[in-house]
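**Student:** Please find one structure pasted underneath; my questions will follow.
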Amino acid sequence: MSVSNLLENWSDFRHTHPVDDVPHNPYKWAMSIDLDACSGCNACSVACYAENNLPVVGKDKYAHGYAMHWMRIERYWDEDGRDFPDQGAQFLPMMCQQCEAAPCETVCPVGATNHTPDGINSQIYNRCIGSRYCEANCPYKVRYFNWYDYPTTDNVWPAEMNQQLNPDVTVRGKGVMEKCTFCIQRVTVAKNNAKNEGRLVHDGEVWTACQQACPTGAITFGNLVDPESKVHKQWQAQQVELAKDAQTKDKEEGGSELRGYRIFEELRPYPSVMYLERVRESAV
Amino acid sequence: MKDISEDIAWAKINTDVLKSLENPRKLYWVILLIAIAMVGVAAGCEVYQYNTGMGVSNKNNTHVWGLYIATFIFWIGMSHSGTLLSAILHLMHADWRKPIYRFAEAMTTFSLMTAGLFVAVHLGRVWQIYYALPYPNGRQVWPNFQSPLLWDAMAIFTYLSSSILFLYVGMIPDLAICRDHLHPGWRKTLYTALSLGWEGTDRQWRNFRVTYLTIACFLIPLAVSVHSIVASDFAMSQQPGWHITSFPPYFVAGALYSGCAAIITLFIILRYVFKFEEYMTLPILKKIVRLTFAIAMVWTYLNLIEYASVWYGHDQASKDVLIQKATGVYAPFWWMMNFCGSIVPLILFFKRFQTHIPVLFAVSLLLNMGMWLERWMIVAPTFSHGYYPWTWDHDQWPSLVQWGMVFGSFGWFTLLFMVFCKVFPSVSMYEVKEMVYHRSQATKKLEVTGNLAAAGKGAH
Amino acid sequence: MSKRHLLALFSNFDEAEAVVRELRSVRIKGFDADKDMIVKSPIEHPEVEEFLGDKPVYVQWFTLGGALTGGLLAFFLISGSQANFFSQVKGGKPIVPFPPNFVLTYEMFILGGVYISILGFLICAGLPASRSPLYSAKVSEDQVGILVQADEAASSTLKSIFIKHQALEIQEEAGK
């Protein structure tokens with residue numbers, strides 16, 4: 001019964017996350033992206049479109065801000081007044097940061113977005129009623145709303161192109177919010193395979209679509225809890241800790257030489273994506 | 001001048017008010033048709049939006065909220081004045097509220113009904129709106145009780161149903177009057193049913209008094225909580241320009257402000273249309289005007305405090321939003337809002353204008369325009385200039401679909417209000433009688449003790 | 001013994017008060033002032049309560065019960081459903097978070113209070129009521145009515161009291 005359940009497990013229901021909660025076990029999916037390796041080629045974005053059945057909205061709608069790019073490459077120009085600086089643009093691949101304490105989750109009126117036990121910010125399309133409060137409260141603005149019914153819109157997936165839709169992923173109708181899932185369909189398959197074989201998913205078994213497509217290997221994805229995983233080693237090497245809103249290394253005098261950082265850490269969403277700062281020529 | 005003449009015969013009160021229920025003039029039907037046409041516009045927009053998708057409202061992935069939310073807050077705010085008049089002033093024994101509280105309470109109810117529609121209109125999948133209701137189901141799937149939107153739904157449901165009940169209970173004695181004095185017909189049948197056999201017996205009055213007082217006591221904290229919760233939609237979020245501690249009192253002040261302004265507008269209209277000069281008197285108008293002025297100054301203070309706390313705070317993102325409001329694309333609207341909200345009410349400072357009907361009418365409309373702009377200026381600029389620079393979008397304007405919906409909501413409100421005025425007495429007859437009675441008693445008492453001259457103004 | 005109803009109308013509260021006082025002081029066989037007399041007035045008038053003597057009002061107990069039930073129900077239903085909803089963490093907040101639940105408890109407290117108060121009002125005031133045998137539309141206009149119920153034998157005494165206090169009109173139930 002609900003009340004007895006409530007009383008029996010009271011202390012479990014009062015944990016805050018990630019600060020005084022038990023850490024994720026055995027899985028906590030996380031990412032690290034090396035901006036120094038990123039060439040801004042957009043392959044990750046294209047791969048994401050293909051893998052996750054993202055509607056191609058067309059030029060007009062794109063210009064209007066309706067683009068559905070779960071994974072987007074942002075360009076930033078040095079502000080030294082020149083139109084084309086010597087170093088060119090700096091690139092930042094941006095997708096859902098899969099926050100440990102996501103601002104979008106608390107505000108959803110129907111509970112369509114939740115924190116999963118393996119550390120992903122899930123989105124339940126069937127449950128979503130389209131209040132768009134999650135996007136309003138997302139500091140990164142990485143959630144995308146189906147402003148139109150794309151599956152029935154002309155030229156989103158013109159005839160035969162619809163043959164390439166990924167059968168493992170739903171096609172979303174109008175009025176629901178969607179966002180990067182860390183390719184949850186691949187994660188689930190890997191987890192099921194591992195479970196059937198009575199083991200844990202080992203590092204490198206799951207690749208996200210963007211990671212797979214990245215020609216320079218800038219994206220690393222894996223289980224942060226697994227001490228053997230590459231992503232764990234990177235996070236550790238950069239001294240970036242998941243449950244901190246300010247890293248200890250940055251408090252050192254003169255700052256840290258390490259490149260790892262997380263975006264909007266100070267807002268306390270505890271994002272699961274670590275970026276490795278670009279090494280500037282001037283700094284070398 | 002007295003708030004109300006003490007020698008109005010009680011029978012005359014009945015006839016005067018009941019006359020307002022009689023067959024409407026031609027103009028009534030014309031205005032009603034215009035209102036229905038306005039609702040038709042909104043309905044057309046909704047059908048189009050429903051079929052095509054939210055995209056037709058011209059929002060985008062940066063501007064996910066627009067006029068729907070702004071207008072939703074506007075109508076919720078409008079509803080607060082009814083409670084102010086019927087509950088707060090009731091507890092304070094300010095009996096001048098008696099001739100005017102009924103229509104203010106009706107306004108509360110109808111503006112809540114209008115606001116509720118915007119929640120539905122705003123949703124991407126309105127056909128699944130029931131997901132937001134905590135209904136028991138076999139899968140034990142519940143709405144997210146942490147969401148301020150859910151608190152909103154709960155608060156508005158409570159407020160709407162309590163307001164309807166309060167309005168109804170307060171109207172039972174008047175419904176009995178209608179039942180007793182109208183000719184047989186559908187009206188008589190309706191009033192007979194609704195008056196529940198009220199005969200004004202001592203037992204009925206005794207329980208009535210306690211109940212009315214109790215509900216009034218509940219409605220005050222409820223009204224405050226409703227708009228605080230609407231403010232929480234913003235204050236509980238993390239966005240720059242929204243995450244501000246002073247939002248709840250600021251919203252409540254804004255709500256009372258726009259509500260009072262709307263009362264002045266409707267007061268003037270009803271007084272003129274129904275020839276209620278004897279009940280909706282100028283001294284009463286003067287009291288509301290002064291109240292409005294006081295609330296306007298409270299709002300101005302809280303508004304400035306909000307700017308000041310952002311300006312002196314250390315949050316650059318919030319500061320940037322404020323600078324954007326004052327200098328960016330929204331600047332004309334933002335300055336207009338400040339002008340309408342803080343400068344225009346200064347006219348009310350002059351005694352000459354406190355009872356000057358044409359000026360007051362214009363001022364009350366301007367104040368409400370300012371309050372509507374205030375809500376828009378809370379919602380939109382934060383989206384255009386939020387935390388994440390890559391998504392800044394200063395060039396997104398609401399489409400005609402959004403404007404049509406806003407336009408239609410005024411028609412919807414007018415429609416409901418006009419129907420109410422012809423079906424239910426918009427002035428509380430029994431309470432005007434009470435007011436007249438108590439004031440004449442007080443005058444008599446003073447005459448007896450010979451203090452009338454000393455007391456100066458006379459009754460109460 | 002058959003009972004008959006009498007309704008007398010008075011133009012103001014002072015006359016009605018005098019009648020009530022007299023009816024309460026005299027002893028008439030087959031008439032009990034506490035039970036058989038009802039004062040009907042067009043406005044809510046605290047003085048009526050004064051001269052009728054203390055009669056308890058119980059609405060506030062309904063209010064208390066309703067408000068407490070509403071509040072408690074809200075808190076336990078909401079916490080219980082949160083604990084059962086797959087126990088999913090949202091935004092790093094506890095699964096049963098207090099501030100939101102208190103907000104909703106507060107709203108339900110008021111909701112319960114208002115609803116049950118109205119219910120209490122209907123029960124205590126006996127509404128919806130069937131109409132009393134004698135009624136005059138004047139009561140909802142400007143006159144105070146006193147409705148009494150007495151044995152046939154007592155009706156002439158009652159009538160004389162009414163007339164003494166300048167009753168404007170006396171209605172009598174037709175005999176059976």
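Residues in the structure tokens are named by chain (A, B, ... in the order shown) and by number from 1 within that chain; ligands are numbered from 1 in the order shown.
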When you get a sec, could you note down which chain B residues fall within 6 Å of chain C, using only C-alpha atoms, as a ChimeraX atom specification?

**Tutor:** /B:10-11,141,146,158,177,180,196-197,200-205,207,215,430,434

**Student:** Go ahead and save the picked residues with C-alpha atoms, as a PDB file, in the first residue's frame.

**Tutor:**
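Heads up, here's the output in out_0.pdb:
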```pdb
ATOM      1  CA  TRP B  10     -36.296  48.836   0.237  1.00  0.00           C
ATOM      2  CA  ALA B  11     -38.982  48.039  -2.268  1.00  0.00           C
ATOM      3  CA  VAL B 141       0.942   7.027 -12.858  1.00  0.00           C
ATOM      4  CA  GLN B 146       6.773  19.098  -7.881  1.00  0.00           C
ATOM      5  CA  THR B 158      -9.613  25.578  -5.764  1.00  0.00           C
ATOM      6  CA  ILE B 177     -36.050  37.915  -4.095  1.00  0.00           C
ATOM      7  CA  ASP B 180     -40.694  36.138  -5.294  1.00  0.00           C
ATOM      8  CA  LEU B 196     -33.138  26.310  -2.491  1.00  0.00           C
ATOM      9  CA  GLY B 197     -36.284  27.384  -0.681  1.00  0.00           C
ATOM     10  CA  GLY B 200     -34.968  34.457   5.223  1.00  0.00           C
ATOM     11  CA  THR B 201     -35.751  32.608   8.430  1.00  0.00           C
ATOM     12  CA  ASP B 202     -33.656  33.316  11.473  1.00  0.00           C
ATOM     13  CA  ARG B 203     -32.063  29.884  11.248  1.00  0.00           C
ATOM     14  CA  GLN B 204     -31.063  30.443   7.643  1.00  0.00           C
ATOM     15  CA  TRP B 205     -29.630  33.873   8.295  1.00  0.00           C
ATOM     16  CA  ASN B 207     -25.926  29.967   9.473  1.00  0.00           C
ATOM     17  CA  ILE B 215     -15.479  31.332   3.339  1.00  0.00           C
ATOM     18  CA  TYR B 430     -30.217  42.386   0.405  1.00  0.00           C
ATOM     19  CA  GLU B 434     -28.451  46.217   5.030  1.00  0.00           C
TER      20      GLU B 434
END
```

**Student:** Residues of chain A were defined as contacting chain B if any atom lay at most 8 Å from it, counting only C-alpha atoms; please report them as a PyMOL selection string.

**Tutor:** chain A and resi 64-67+74+103+106-111+127-132+135-137+139-141+143-149+174-176

**Student:** Would you write out, as CSV, a table of all residues in chain A that have an atom no more than 12 Å from an atom of chain C, listing for each the closest atom pair and the distance in Å to one decimal, considering only C-alpha atoms and ordering rows by chain and rising residue number?

**Tutor:**
```
residue,atom,partner,partner_atom,distance
A:Met1,CA,C:Gly80,CA,8.5
A:Ser2,CA,C:Gly80,CA,4.8
A:Val3,CA,C:Gly80,CA,5.3
A:Ser4,CA,C:Gly80,CA,8.5
A:Asn5,CA,C:Ala83,CA,7.2
A:Leu6,CA,C:Gly80,CA,5.8
A:Leu7,CA,C:Gly80,CA,9.1
A:Glu8,CA,C:Ala83,CA,10.5
A:Asn9,CA,C:Ala83,CA,8.6
A:Trp10,CA,C:Val96,CA,8.5
A:Ser11,CA,C:Pro94,CA,9.6
A:Asp12,CA,C:Ile95,CA,8.1
A:Phe13,CA,C:Ile95,CA,4.8
A:Arg14,CA,C:Pro94,CA,4.7
A:His15,CA,C:Pro94,CA,5.1
A:Thr16,CA,C:Pro94,CA,4.9
A:His17,CA,C:Gly92,CA,4.0
A:Pro18,CA,C:Gly92,CA,6.2
A:Val19,CA,C:Gly92,CA,8.3
A:Asp20,CA,C:Gly92,CA,9.8
A:Asp21,CA,C:Gly92,CA,9.0
A:Val22,CA,C:Gly92,CA,11.9
A:Gln98,CA,C:Gly91,CA,10.7
A:Cys99,CA,C:Gly91,CA,8.1
A:Glu100,CA,C:Gly92,CA,6.4
A:Ala101,CA,C:Gly91,CA,4.0
A:Ala102,CA,C:Gly91,CA,4.3
A:Pro103,CA,C:Gly91,CA,5.6
A:Cys104,CA,C:Gly91,CA,7.1
A:Glu105,CA,C:Lys90,CA,5.0
A:Thr106,CA,C:Gly91,CA,5.2
A:Val107,CA,C:Gly91,CA,8.6
A:Cys108,CA,C:Lys90,CA,9.3
A:Pro109,CA,C:Lys90,CA,11.6
A:Val110,CA,C:Phe85,CA,11.3
A:Gly111,CA,C:Lys90,CA,8.3
A:Ala112,CA,C:Lys90,CA,10.2
A:Thr113,CA,C:Lys90,CA,7.8
A:Asn114,CA,C:Lys90,CA,5.4
A:His115,CA,C:Val89,CA,5.4
A:Thr116,CA,C:Gln88,CA,7.2
A:Pro117,CA,C:Gln88,CA,8.2
A:Asp118,CA,C:Val89,CA,11.6
A:Gly119,CA,C:Val89,CA,10.2
A:Ile120,CA,C:Val89,CA,11.0
A:Asn121,CA,C:Lys90,CA,9.0
A:Ser122,CA,C:Lys90,CA,10.3
A:Gln123,CA,C:Lys90,CA,11.8
A:Cys134,CA,C:Gly91,CA,11.0
A:Asn137,CA,C:Gly91,CA,11.4
A:Cys138,CA,C:Gly91,CA,11.3
A:Ala243,CA,C:Gly92,CA,10.8
A:Arg268,CA,C:Gly92,CA,9.9
A:Pro269,CA,C:Gly91,CA,7.9
A:Tyr270,CA,C:Gly92,CA,9.3
A:Pro271,CA,C:Gly91,CA,11.4
```

**Student:** With C-alpha atoms kept, could you save the residues just selected as a short mmCIF file (atom, residue, chain, number, x, y, z; two decimals), in the first residue's frame?

**Tutor:**
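The resulting file, again.cif, is shown below:
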```
data_model
loop_
_atom_site.label_atom_id
_atom_site.label_comp_id
_atom_site.auth_asym_id
_atom_site.auth_seq_id
_atom_site.Cartn_x
_atom_site.Cartn_y
_atom_site.Cartn_z
CA MET A 1 0.00 0.00 0.00
CA SER A 2 1.09 3.47 -0.68
CA VAL A 3 1.20 4.79 2.85
CA SER A 4 2.98 1.76 4.28
CA ASN A 5 5.45 1.90 1.40
CA LEU A 6 5.92 5.55 2.23
CA LEU A 7 6.64 4.89 5.88
CA GLU A 8 8.87 1.86 5.33
CA ASN A 9 11.15 3.49 2.80
CA TRP A 10 10.97 6.99 4.20
CA SER A 11 14.70 7.67 4.29
CA ASP A 12 15.08 6.51 0.67
CA PHE A 13 12.50 9.04 -0.38
CA ARG A 14 14.31 11.90 1.29
CA HIS A 15 17.68 11.65 -0.45
CA THR A 16 18.75 14.57 -2.57
CA HIS A 17 20.63 13.90 -5.72
CA PRO A 18 23.53 13.77 -6.51
CA VAL A 19 24.79 15.35 -3.31
CA ASP A 20 23.81 13.00 -0.53
CA ASP A 21 22.41 10.17 -2.58
CA VAL A 22 24.02 6.82 -3.11
CA GLN A 98 21.94 14.69 -19.02
CA CYS A 99 22.08 16.62 -15.76
CA GLU A 100 22.14 14.75 -12.48
CA ALA A 101 19.82 17.41 -11.01
CA ALA A 102 18.06 18.54 -14.15
CA PRO A 103 16.04 21.76 -13.96
CA CYS A 104 13.68 20.40 -16.62
CA GLU A 105 12.59 17.40 -14.55
CA THR A 106 11.05 19.15 -11.58
CA VAL A 107 8.90 21.50 -13.62
CA CYS A 108 7.19 19.00 -15.93
CA PRO A 109 3.54 18.90 -14.81
CA VAL A 110 3.01 15.29 -15.87
CA GLY A 111 6.36 13.77 -14.95
CA ALA A 112 7.26 13.05 -18.58
CA THR A 113 10.93 13.57 -17.92
CA ASN A 114 12.78 11.73 -15.19
CA HIS A 115 16.19 10.74 -13.98
CA THR A 116 16.84 7.10 -14.80
CA PRO A 117 18.75 4.77 -12.49
CA ASP A 118 21.68 4.74 -14.94
CA GLY A 119 21.97 8.50 -14.88
CA ILE A 120 20.19 9.59 -18.01
CA ASN A 121 17.56 12.28 -18.25
CA SER A 122 14.73 10.35 -19.86
CA GLN A 123 11.90 11.72 -21.93
CA CYS A 134 11.07 21.94 -19.43
CA ASN A 137 13.71 26.05 -17.59
CA CYS A 138 16.62 24.42 -19.44
CA ALA A 243 28.63 15.97 -7.72
CA ARG A 268 24.01 23.23 -10.08
CA PRO A 269 22.42 21.03 -12.70
CA TYR A 270 25.47 18.70 -12.34
CA PRO A 271 25.79 17.97 -16.08
#
```

**Student:** Smallest atom-to-atom distance to B:Ile76: which of B:Ser258, B:Ser5, B:Asn338, B:Thr245, using only C-alpha atoms?

**Tutor:** B:Ser258

**Student:** List the neighbours of B:Leu89 out to 12 Å using only C-alpha atoms; skip same-chain residues closer than 6 positions along the sequence, and give me the result as a list in words.

**Tutor:**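 My reading of the contact set: Ser81, Gly82, Thr83, Asp95, Trp96, Arg97, Lys98, Ile100, Tyr101, Leu213, Ala216, Cys217, Leu219, Ile220, Lys287, Ile288 and Leu291 of chain B.
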
**Student:** Mind dumping the selected residues with C-alpha atoms as a CSV table (one decimal), in the first residue's frame?

**Tutor:**
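Result went into selection05.csv, see below:
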```
chain,number,residue,atom,x,y,z
B,81,SER,CA,-10.2,42.1,-7.2
B,82,GLY,CA,-13.4,40.3,-6.6
B,83,THR,CA,-11.9,38.6,-3.6
B,95,ASP,CA,-19.8,48.4,4.0
B,96,TRP,CA,-19.3,50.6,0.9
B,97,ARG,CA,-18.3,47.4,-0.9
B,98,LYS,CA,-21.9,46.1,-0.7
B,100,ILE,CA,-20.4,46.7,-6.0
B,101,TYR,CA,-19.0,43.4,-4.8
B,213,LEU,CA,-17.6,34.9,7.0
B,216,ALA,CA,-14.3,34.9,3.2
B,217,CYS,CA,-11.6,34.0,5.7
B,219,LEU,CA,-10.7,33.1,0.2
B,220,ILE,CA,-8.1,35.7,1.3
B,287,LYS,CA,-13.1,55.0,-2.5
B,288,ILE,CA,-12.2,52.4,-5.2
B,291,LEU,CA,-7.7,52.1,-3.2
```

**Student:** For each of A:Gln238, A:Asn53, A:Asn223, A:Gln247, take the minimum atom-to-atom distance to A:Val156, counting only C-alpha atoms, then give the residue where this is smallest.

**Tutor:**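 With only C-alpha atoms as the atom set, the closest residue is A:Asn53.
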
**Student:** Give the answer as one residue: which of C:Lys3, C:Leu134, C:Phe162, C:Leu168 has the shortest atom-to-atom distance to C:Phe31, using only C-alpha atoms?

**Tutor:**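 Going through C:Lys3, C:Leu134, C:Phe162, C:Leu168 one by one, the smallest distance to C:Phe31 is for C:Lys3.
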
**Student:** Name the residues in contact with A:Pro55 at a cut-off of 12 Å, using only C-alpha atoms, excluding same-chain residues fewer than 2 positions from it; report them as a PyMOL selection string.

**Tutor:** chain A and resi 46+48-53+57-58+61-62+66-70+144-158+161-162+165+170-174+178

**Student:** Generate a file of the selected residues that holds C-alpha atoms, formatted as a PDB file, in the first residue's frame.

**Tutor:**
```pdb
ATOM      1  CA  VAL A  46      24.126  14.248 -39.235  1.00  0.00           C
ATOM      2  CA  CYS A  48      22.191  11.971 -34.841  1.00  0.00           C
ATOM      3  CA  TYR A  49      19.564  12.890 -37.461  1.00  0.00           C
ATOM      4  CA  ALA A  50      19.911   9.464 -38.996  1.00  0.00           C
ATOM      5  CA  GLU A  51      20.013   7.468 -35.791  1.00  0.00           C
ATOM      6  CA  ASN A  52      17.222   9.190 -33.902  1.00  0.00           C
ATOM      7  CA  ASN A  53      14.727   9.874 -36.726  1.00  0.00           C
ATOM      8  CA  VAL A  57      12.505  20.715 -41.158  1.00  0.00           C
ATOM      9  CA  GLY A  58      13.817  22.572 -44.199  1.00  0.00           C
ATOM     10  CA  LYS A  61      11.713  26.423 -40.631  1.00  0.00           C
ATOM     11  CA  TYR A  62      15.356  26.117 -39.702  1.00  0.00           C
ATOM     12  CA  TYR A  66      12.354  25.140 -35.516  1.00  0.00           C
ATOM     13  CA  ALA A  67      15.446  22.996 -36.113  1.00  0.00           C
ATOM     14  CA  MET A  68      15.362  19.637 -34.353  1.00  0.00           C
ATOM     15  CA  HIS A  69      19.122  19.126 -34.075  1.00  0.00           C
ATOM     16  CA  TRP A  70      19.494  17.190 -30.842  1.00  0.00           C
ATOM     17  CA  TYR A 144      13.271  20.553 -29.104  1.00  0.00           C
ATOM     18  CA  PHE A 145       9.554  20.814 -29.536  1.00  0.00           C
ATOM     19  CA  ASN A 146       7.499  19.325 -32.357  1.00  0.00           C
ATOM     20  CA  TRP A 147       5.880  22.545 -33.477  1.00  0.00           C
ATOM     21  CA  TYR A 148       4.332  20.755 -36.455  1.00  0.00           C
ATOM     22  CA  ASP A 149       3.372  17.212 -37.236  1.00  0.00           C
ATOM     23  CA  TYR A 150       6.597  16.405 -39.005  1.00  0.00           C
ATOM     24  CA  PRO A 151       5.886  12.809 -40.019  1.00  0.00           C
ATOM     25  CA  THR A 152       3.033  14.071 -42.189  1.00  0.00           C
ATOM     26  CA  THR A 153       4.787  17.199 -43.412  1.00  0.00           C
ATOM     27  CA  ASP A 154       6.017  17.219 -46.978  1.00  0.00           C
ATOM     28  CA  ASN A 155       9.727  16.819 -47.613  1.00  0.00           C
ATOM     29  CA  VAL A 156      10.645  15.961 -44.037  1.00  0.00           C
ATOM     30  CA  TRP A 157      11.161  12.362 -45.032  1.00  0.00           C
ATOM     31  CA  PRO A 158      10.247  12.312 -48.716  1.00  0.00           C
ATOM     32  CA  MET A 161      13.781   8.416 -47.443  1.00  0.00           C
ATOM     33  CA  ASN A 162      11.324   7.144 -44.874  1.00  0.00           C
ATOM     34  CA  LEU A 165      14.061   5.591 -40.431  1.00  0.00           C
ATOM     35  CA  THR A 170       9.884   6.167 -32.425  1.00  0.00           C
ATOM     36  CA  VAL A 171       8.876   8.930 -34.781  1.00  0.00           C
ATOM     37  CA  ARG A 172       7.434  11.763 -32.748  1.00  0.00           C
ATOM     38  CA  GLY A 173       4.154  13.419 -33.597  1.00  0.00           C
ATOM     39  CA  LYS A 174       3.227  17.053 -33.077  1.00  0.00           C
ATOM     40  CA  GLU A 178      12.225  15.663 -27.474  1.00  0.00           C
TER      41      GLU A 178
END
```

**Student:** Would you list, as a ChimeraX atom specification, the residues of stretch 59-141 of chain C that end up in helix (DSSP H, G or I) under DSSP run on this structure's backbone?

**Tutor:** /C:59-84,98-124,137-140

**Student:** Output C-alpha atoms of each residue in that selection to a file, as a PDB file, in the first residue's frame.

**Tutor:**
```pdb
ATOM      1  CA  VAL C  59     -21.005  25.469  10.654  1.00  0.00           C
ATOM      2  CA  GLN C  60     -17.526  26.194  11.967  1.00  0.00           C
ATOM      3  CA  TRP C  61     -17.122  22.579  13.097  1.00  0.00           C
ATOM      4  CA  PHE C  62     -17.778  21.426   9.573  1.00  0.00           C
ATOM      5  CA  THR C  63     -15.160  23.927   8.448  1.00  0.00           C
ATOM      6  CA  LEU C  64     -12.589  22.592  10.868  1.00  0.00           C
ATOM      7  CA  GLY C  65     -13.286  19.004   9.916  1.00  0.00           C
ATOM      8  CA  GLY C  66     -13.260  19.741   6.214  1.00  0.00           C
ATOM      9  CA  ALA C  67     -10.060  21.746   6.294  1.00  0.00           C
ATOM     10  CA  LEU C  68      -8.158  19.170   8.351  1.00  0.00           C
ATOM     11  CA  THR C  69      -9.392  16.273   6.252  1.00  0.00           C
ATOM     12  CA  GLY C  70      -8.524  18.134   3.059  1.00  0.00           C
ATOM     13  CA  GLY C  71      -5.033  18.948   4.260  1.00  0.00           C
ATOM     14  CA  LEU C  72      -4.210  15.515   5.638  1.00  0.00           C
ATOM     15  CA  LEU C  73      -5.690  13.767   2.629  1.00  0.00           C
ATOM     16  CA  ALA C  74      -3.627  15.947   0.327  1.00  0.00           C
ATOM     17  CA  PHE C  75      -0.360  15.351   2.108  1.00  0.00           C
ATOM     18  CA  PHE C  76      -0.697  11.602   2.402  1.00  0.00           C
ATOM     19  CA  LEU C  77      -2.186  11.039  -1.022  1.00  0.00           C
ATOM     20  CA  ILE C  78       0.479  13.144  -2.668  1.00  0.00           C
ATOM     21  CA  SER C  79       3.386  11.691  -0.718  1.00  0.00           C
ATOM     22  CA  GLY C  80       1.998   8.203  -1.189  1.00  0.00           C
ATOM     23  CA  SER C  81       1.620   8.610  -4.907  1.00  0.00           C
ATOM     24  CA  GLN C  82       5.080  10.113  -5.228  1.00  0.00           C
ATOM     25  CA  ALA C  83       6.533   7.123  -3.437  1.00  0.00           C
ATOM     26  CA  ASN C  84       4.694   4.794  -5.790  1.00  0.00           C
ATOM     27  CA  PHE C  98       8.297  18.977   1.343  1.00  0.00           C
ATOM     28  CA  PRO C  99       7.914  22.437  -0.190  1.00  0.00           C
ATOM     29  CA  PRO C 100       5.731  21.355  -3.146  1.00  0.00           C
ATOM     30  CA  ASN C 101       3.708  19.023  -0.975  1.00  0.00           C
ATOM     31  CA  PHE C 102       3.066  21.776   1.532  1.00  0.00           C
ATOM     32  CA  VAL C 103       1.861  24.076  -1.217  1.00  0.00           C
ATOM     33  CA  LEU C 104      -0.612  21.442  -2.355  1.00  0.00           C
ATOM     34  CA  THR C 105      -1.558  20.589   1.214  1.00  0.00           C
ATOM     35  CA  TYR C 106      -2.331  24.248   1.767  1.00  0.00           C
ATOM     36  CA  GLU C 107      -4.543  24.390  -1.301  1.00  0.00           C
ATOM     37  CA  MET C 108      -6.394  21.218  -0.351  1.00  0.00           C
ATOM     38  CA  PHE C 109      -6.763  22.519   3.200  1.00  0.00           C
ATOM     39  CA  ILE C 110      -8.655  25.492   1.810  1.00  0.00           C
ATOM     40  CA  LEU C 111     -10.545  23.403  -0.717  1.00  0.00           C
ATOM     41  CA  GLY C 112     -11.731  20.996   1.970  1.00  0.00           C
ATOM     42  CA  GLY C 113     -12.570  23.867   4.288  1.00  0.00           C
ATOM     43  CA  VAL C 114     -14.679  25.696   1.735  1.00  0.00           C
ATOM     44  CA  TYR C 115     -16.505  22.665   0.369  1.00  0.00           C
ATOM     45  CA  ILE C 116     -17.377  21.191   3.722  1.00  0.00           C
ATOM     46  CA  SER C 117     -18.365  24.609   5.102  1.00  0.00           C
ATOM     47  CA  ILE C 118     -20.886  24.928   2.311  1.00  0.00           C
ATOM     48  CA  LEU C 119     -22.094  21.431   3.007  1.00  0.00           C
ATOM     49  CA  GLY C 120     -22.342  22.346   6.683  1.00  0.00           C
ATOM     50  CA  PHE C 121     -24.269  25.457   5.787  1.00  0.00           C
ATOM     51  CA  LEU C 122     -26.770  23.490   3.757  1.00  0.00           C
ATOM     52  CA  ILE C 123     -27.200  20.958   6.544  1.00  0.00           C
ATOM     53  CA  CYS C 124     -27.378  23.481   9.380  1.00  0.00           C
ATOM     54  CA  ALA C 137     -43.162  37.912  -0.952  1.00  0.00           C
ATOM     55  CA  LYS C 138     -43.105  41.010   1.226  1.00  0.00           C
ATOM     56  CA  VAL C 139     -40.513  39.272   3.386  1.00  0.00           C
ATOM     57  CA  SER C 140     -38.006  39.413   0.587  1.00  0.00           C
TER      58      SER C 140
END
```

**Student:** Have a look at atom CA of C:Ala8 and atom CA of C:Ala167 and let me know their distance in Å, one decimal.

**Tutor:**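 Between these atoms lies a distance of 6.1 Å.
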
**Student:** Considering only C-alpha atoms, state which residue in the set A:Gln163, A:Cys38, A:Pro26, A:Met94 is at the smallest distance from A:Arg199.

**Tutor:**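 Smallest separation from A:Arg199 among the options: A:Pro26.
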
**Student:** Please compute the atom CA of C:Lys159-atom CA of B:Arg206 distance, one decimal, in Å.

**Tutor:**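 According to the coordinates, atom CA of C:Lys159 and atom CA of B:Arg206 are separated by 26.7 Å.
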
**Student:** Mind checking DSSP for chain C and telling me the strand (DSSP E) residues as a list in words?

**Tutor:**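 Filtering chain C to strand (DSSP E) leaves Lys3, Arg4, His5, Leu6, Leu7, Ala8, Leu9, Phe10, Met37, Ile38, Val39, Lys40, Val144, Gly145, Ile146, Leu147, Val148, Gln149, Ala150, Asp151, Glu169, Ile170, Gln171 and Glu172 of chain C.
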
**Student:** Taking 5 positions as the minimum chain separation for residues in the same chain, which residues sit within 9 Å of A:Asn42 when counting only C-alpha atoms? Answer as a list in words.

**Tutor:** Ala47, Met71, Arg72, Ile73, Pro93 and Cys214 of chain A

**Student:** To one decimal in Å, tell me the separation between atom CA of C:Asp151 and atom CA of C:Glu173.

**Tutor:**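 Between atom CA of C:Asp151 and atom CA of C:Glu173 the gap works out to 11.8 Å.
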